[in-house]
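File shown: coords-v5.txt. Contents: compact mmCIF, C-alpha atoms.
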# COMPACT_ATOMS: atom_id res chain seq x y z
CA MET A 1 17.98 -27.48 -23.94
CA ALA A 2 16.52 -30.40 -22.04
CA PHE A 3 13.89 -29.94 -19.37
CA ASN A 4 15.58 -29.93 -15.95
CA VAL A 5 13.39 -29.93 -12.84
CA SER A 6 16.36 -29.60 -10.48
CA GLN A 7 17.58 -26.48 -12.24
CA PHE A 8 14.07 -24.99 -12.14
CA ARG A 9 13.77 -25.68 -8.39
CA SER A 10 17.20 -24.20 -7.72
CA GLU A 11 16.00 -20.87 -9.19
CA LEU A 12 13.13 -20.75 -6.65
CA GLN A 13 15.42 -20.51 -3.66
CA PHE A 14 12.69 -19.38 -1.28
CA ASP A 15 9.82 -21.56 -2.61
CA GLY A 16 8.10 -18.61 -4.32
CA ALA A 17 6.12 -15.70 -2.87
CA ARG A 18 2.61 -16.57 -1.65
CA PRO A 19 -0.31 -14.30 -2.63
CA ASN A 20 -2.24 -14.97 0.58
CA LEU A 21 0.37 -13.43 2.90
CA PHE A 22 -0.55 -9.75 2.83
CA GLU A 23 -2.30 -6.99 4.71
CA VAL A 24 -3.97 -3.76 3.66
CA ASN A 25 -3.57 -0.57 5.64
CA LEU A 26 -6.55 1.53 4.56
CA THR A 27 -6.81 4.81 6.42
CA PHE A 28 -9.87 7.03 6.33
CA PRO A 29 -10.05 10.83 6.52
CA THR A 30 -10.49 12.03 10.09
CA ALA A 31 -13.78 13.72 9.14
CA VAL A 32 -15.31 10.28 8.46
CA PRO A 33 -17.28 9.00 11.49
CA GLY A 34 -15.78 5.76 12.81
CA SER A 35 -12.59 6.19 10.77
CA GLY A 36 -10.33 4.64 13.42
CA ASP A 37 -12.45 1.50 13.83
CA ALA A 38 -12.81 1.12 10.06
CA SER A 39 -9.05 1.41 9.54
CA ARG A 40 -8.39 -1.20 12.25
CA LYS A 41 -10.97 -3.62 10.87
CA ALA A 42 -9.71 -3.21 7.30
CA LEU A 43 -6.44 -4.88 8.37
CA PHE A 44 -8.45 -8.07 8.91
CA GLN A 45 -11.40 -7.75 6.55
CA ALA A 46 -9.65 -6.73 3.33
CA LYS A 47 -9.83 -10.18 1.74
CA SER A 48 -8.07 -9.37 -1.51
CA ALA A 49 -6.07 -6.55 -3.05
CA GLN A 50 -3.28 -6.12 -5.58
CA LEU A 51 0.32 -5.10 -5.62
CA PRO A 52 -0.05 -2.23 -8.08
CA GLY A 53 1.09 -1.98 -11.64
CA SER A 54 1.65 1.01 -13.89
CA THR A 55 1.78 1.66 -17.58
CA ILE A 56 4.04 3.89 -19.65
CA GLY A 57 2.05 5.24 -22.57
CA GLN A 58 3.33 5.49 -26.10
CA VAL A 59 3.59 8.52 -28.34
CA PRO A 60 3.56 7.28 -31.94
CA LEU A 61 5.04 9.46 -34.67
CA TYR A 62 5.18 8.61 -38.34
CA TYR A 63 8.12 9.21 -40.62
CA PHE A 64 7.96 8.15 -44.28
CA GLY A 65 5.18 5.68 -43.45
CA ARG A 66 7.09 4.09 -40.60
CA GLU A 67 5.67 4.25 -37.07
CA LEU A 68 8.19 5.29 -34.44
CA LYS A 69 7.29 4.90 -30.77
CA PHE A 70 8.44 7.21 -28.02
CA ALA A 71 7.89 6.86 -24.30
CA GLY A 72 4.88 8.76 -22.99
CA ASN A 73 3.50 9.40 -19.53
CA ARG A 74 2.93 6.93 -16.73
CA THR A 75 -0.63 6.07 -15.74
CA PHE A 76 -1.91 4.13 -12.74
CA THR A 77 -4.96 1.89 -12.74
CA ASP A 78 -7.46 2.04 -9.89
CA TRP A 79 -6.92 -0.11 -6.79
CA THR A 80 -9.65 -2.64 -6.00
CA LEU A 81 -10.24 -4.27 -2.63
CA GLN A 82 -12.60 -7.11 -1.76
CA ILE A 83 -13.97 -6.50 1.76
CA ILE A 84 -15.58 -9.06 4.09
CA ASN A 85 -18.70 -7.44 5.58
CA ASP A 86 -19.43 -7.84 9.30
CA GLU A 87 -22.87 -7.26 10.84
CA ASP A 88 -21.77 -3.90 12.22
CA PHE A 89 -21.05 -2.66 8.64
CA THR A 90 -18.16 -0.58 10.07
CA ILE A 91 -16.06 -0.47 6.91
CA ARG A 92 -19.06 -0.13 4.61
CA LYS A 93 -20.51 2.77 6.63
CA ALA A 94 -17.14 4.55 6.70
CA LEU A 95 -16.73 4.18 2.92
CA GLU A 96 -20.27 5.44 2.29
CA SER A 97 -19.69 8.39 4.62
CA TRP A 98 -16.38 9.16 2.91
CA MET A 99 -18.02 9.16 -0.51
CA ASN A 100 -20.92 11.25 0.80
CA GLY A 101 -18.38 13.80 2.05
CA ILE A 102 -16.93 14.02 -1.46
CA ASN A 103 -20.35 14.36 -3.08
CA SER A 104 -23.64 14.02 -1.20
CA HIS A 105 -26.52 11.89 -2.44
CA ASN A 106 -29.26 14.45 -2.60
CA LEU A 107 -27.65 17.90 -2.65
CA ASN A 108 -24.81 17.21 -5.10
CA VAL A 109 -22.38 19.19 -2.91
CA ARG A 110 -19.10 18.50 -1.15
CA ASN A 111 -18.72 18.53 2.62
CA PRO A 112 -16.72 21.63 3.62
CA LEU A 113 -14.23 19.36 5.47
CA ALA A 114 -13.47 17.64 2.18
CA ASN A 115 -13.10 20.73 -0.03
CA ALA A 116 -9.42 20.37 -0.83
CA PRO A 117 -7.95 17.09 -2.13
CA LEU A 118 -6.06 16.77 1.16
CA GLY A 119 -9.43 16.80 2.92
CA TYR A 120 -10.86 13.79 1.11
CA SER A 121 -7.78 11.82 0.04
CA VAL A 122 -5.46 9.77 2.25
CA ASP A 123 -2.50 7.45 1.86
CA GLY A 124 -2.70 3.69 2.29
CA ASP A 125 -0.55 0.67 1.63
CA VAL A 126 -0.44 -3.03 0.90
CA THR A 127 2.29 -5.22 2.38
CA GLN A 128 3.36 -8.64 1.09
CA PHE A 129 4.90 -10.94 3.70
CA GLY A 130 7.23 -13.91 3.40
CA LYS A 131 6.47 -17.31 4.88
CA GLN A 132 8.44 -16.39 8.02
CA GLY A 133 6.56 -13.11 8.55
CA ASN A 134 9.19 -10.83 7.07
CA VAL A 135 8.16 -7.94 4.81
CA LEU A 136 8.90 -8.74 1.16
CA LYS A 137 7.29 -5.74 -0.51
CA ARG A 138 5.35 -2.67 0.59
CA CYS A 139 3.56 -0.32 -1.78
CA LYS A 140 2.27 3.05 -0.61
CA PHE A 141 -0.68 4.61 -2.44
CA VAL A 142 -0.63 8.41 -2.36
CA GLY A 143 -3.87 10.39 -2.45
CA LEU A 144 -6.44 7.56 -2.24
CA PHE A 145 -10.17 8.19 -2.43
CA PRO A 146 -13.09 5.84 -3.17
CA THR A 147 -14.81 6.01 -6.54
CA ASP A 148 -17.04 2.93 -6.31
CA VAL A 149 -18.51 0.81 -3.54
CA SER A 150 -20.24 -2.20 -5.05
CA ALA A 151 -23.68 -3.49 -4.22
CA ILE A 152 -24.07 -6.33 -1.72
CA ASP A 153 -26.22 -9.13 -3.07
CA VAL A 154 -28.75 -10.58 -0.64
CA ASP A 155 -30.43 -13.86 -1.51
CA TRP A 156 -32.68 -16.29 0.39
CA GLY A 157 -30.74 -19.16 -1.15
CA SER A 158 -27.31 -17.98 0.02
CA ASN A 159 -26.65 -20.20 3.01
CA ASP A 160 -23.37 -20.61 4.84
CA THR A 161 -21.75 -17.55 3.25
CA ILE A 162 -20.54 -14.18 4.50
CA GLU A 163 -21.28 -10.99 2.62
CA GLU A 164 -18.51 -9.33 0.66
CA PHE A 165 -18.29 -6.17 -1.40
CA THR A 166 -15.77 -4.46 -3.61
CA VAL A 167 -14.40 -0.96 -3.23
CA THR A 168 -12.52 0.80 -6.01
CA LEU A 169 -10.10 3.56 -5.06
CA SER A 170 -8.34 6.05 -7.30
CA TYR A 171 -5.00 7.51 -6.29
CA GLN A 172 -2.38 9.88 -7.61
CA TRP A 173 0.57 7.45 -7.72
CA TRP A 174 2.13 4.58 -5.81
CA GLU A 175 5.62 4.23 -4.39
CA SER A 176 7.60 1.16 -3.52
CA VAL A 177 8.69 1.36 0.12
CA GLU A 178 11.93 -0.48 0.80
CA ASP A 179 13.13 -0.74 4.39
CA GLY A 180 11.06 2.28 5.39
CA VAL A 181 12.41 4.44 2.57
CA VAL A 182 10.10 5.69 -0.21
Would you put the structure from the file into structure tokens?
Amino acid sequence: MAFNVSQFRSELQFDGARPNLFEVNLTFPTAVPGSGDASRKALFQAKSAQLPGSTIGQVPLYYFGRELKFAGNRTFTDWTLQIINDEDFTIRKALESWMNGINSHNLNVRNPLANAPLGYSVDGDVTQFGKQGNVLKRCKFVGLFPTDVSAIDVDWGSNDTIEEFTVTLSYQWWESVEDGVV
């Protein structure tokens, strides 16, 4: 088959989805101080995220030296966000407080408000938009909670930059939301 640019272009009827047209809706547990402000700011300061993937494991069995593969269970990788840090540290403080509620720094105990998974986990989502502002894809994460907030590097030689940090969140599963239906 000969290379045909026109045929290739005709298959991209909408000029392809753009990775920079997205927003993250990261909610915080109500027990976290400043949760409302942090959720609002995350809409604008979540610089990068991912539309999630998932993996179906394999269960190998052997029969007369031949490996046979059967479908196993689904697993979900952690969700990672890159956050732009503002001088008020609103999102960073909320994440640190959330993690401290799950397990405190010095006492190694959980905050009573976060005892049950419903007390420390929340739902969130990422939405991909089209070039005309329409929703192309929305993924809802069920049972989110932070497992890692990265360090913020400070450096006398870092001029004309804004601080960023990474947060890693675990969750139970994700669902594709189509037209408001999960």
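Taking CA of Gly34 in chain A as the reference point, CA of Glu175 in chain A is found at 27.5 Å.
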Counting only C-alpha atoms, the residue of A:Trp174, A:Phe141, A:Phe22, A:Phe44 that sits nearest Ile84 in chain A: A:Phe44
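By all atoms listed in the file, and with residues fewer than 4 positions from range 23-25 of chain A along its chain excluded, the set lying at most 8 Å from it is Ser39, Ala42, Leu43, Phe44, Ala46, Ala49, Gly124, Asp125, Val126, Thr127 and Gln128 of chain A.
Using all atoms listed in the file, the protein and nucleic acid residues lying no more than 10 Å from Asn111 in chain A, apart from those fewer than 5 places from it along its own chain, are Ala31, Trp98, Met99, Asn100, Gly101, Ile102, Asn103, Ser104, Gly119 and Tyr120 of chain A.
Remark: for Arg18 in chain A, the closest of the candidate residues A:Lys69, A:Lys137, A:Ala2, A:Glu96 is A:Lys137 (distances computed over all atoms listed in the file).
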Residue nearest Leu21 in chain A - candidates A:Thr77, A:Gln7, A:Gln132, A:Val59, atoms counted: all atoms listed in the file: A:Gln132
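Residues with at least one atom no more than 7 Å from (-7.7, 8.9, -1.1), using all atoms listed in the file, are Tyr120, Ser121, Val122, Asp123, Gly143, Leu144, Phe145, Pro146, Ser170 and Tyr171 of chain A.
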Selection near range 86-90 of chain A, 8 Å with only C-alpha atoms, sequence-local residues under 4 positions removed, as a ChimeraX atom specification: /A:34,37-38,41,94,163
Find the residues around range 50-54 of chain A up to 8 Å (only C-alpha atoms counted), leave out those fewer than 4 positions away in its own chain, and share them as a PDB file with C-alpha atoms, in the coordinates of the input.
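File produced: selection-v2.pdb:
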ATOM      1  CA  ARG A  74       2.930   6.930 -16.730  1.00  0.00           C
ATOM      2  CA  THR A  75      -0.630   6.070 -15.740  1.00  0.00           C
ATOM      3  CA  PHE A  76      -1.910   4.130 -12.740  1.00  0.00           C
ATOM      4  CA  THR A  77      -4.960   1.890 -12.740  1.00  0.00           C
ATOM      5  CA  TRP A  79      -6.920  -0.110  -6.790  1.00  0.00           C
ATOM      6  CA  THR A  80      -9.650  -2.640  -6.000  1.00  0.00           C
ATOM      7  CA  LEU A  81     -10.240  -4.270  -2.630  1.00  0.00           C
ATOM      8  CA  VAL A 126      -0.440  -3.030   0.900  1.00  0.00           C
ATOM      9  CA  CYS A 139       3.560  -0.320  -1.780  1.00  0.00           C
ATOM     10  CA  TRP A 174       2.130   4.580  -5.810  1.00  0.00           C
TER      11      TRP A 174
END
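With all atoms listed in the file as the atoms that count, the minimum distance from Lys47 in chain A to the choices A:Pro33, A:Pro60, A:Pro19, A:Gly157 is reached by A:Pro19.
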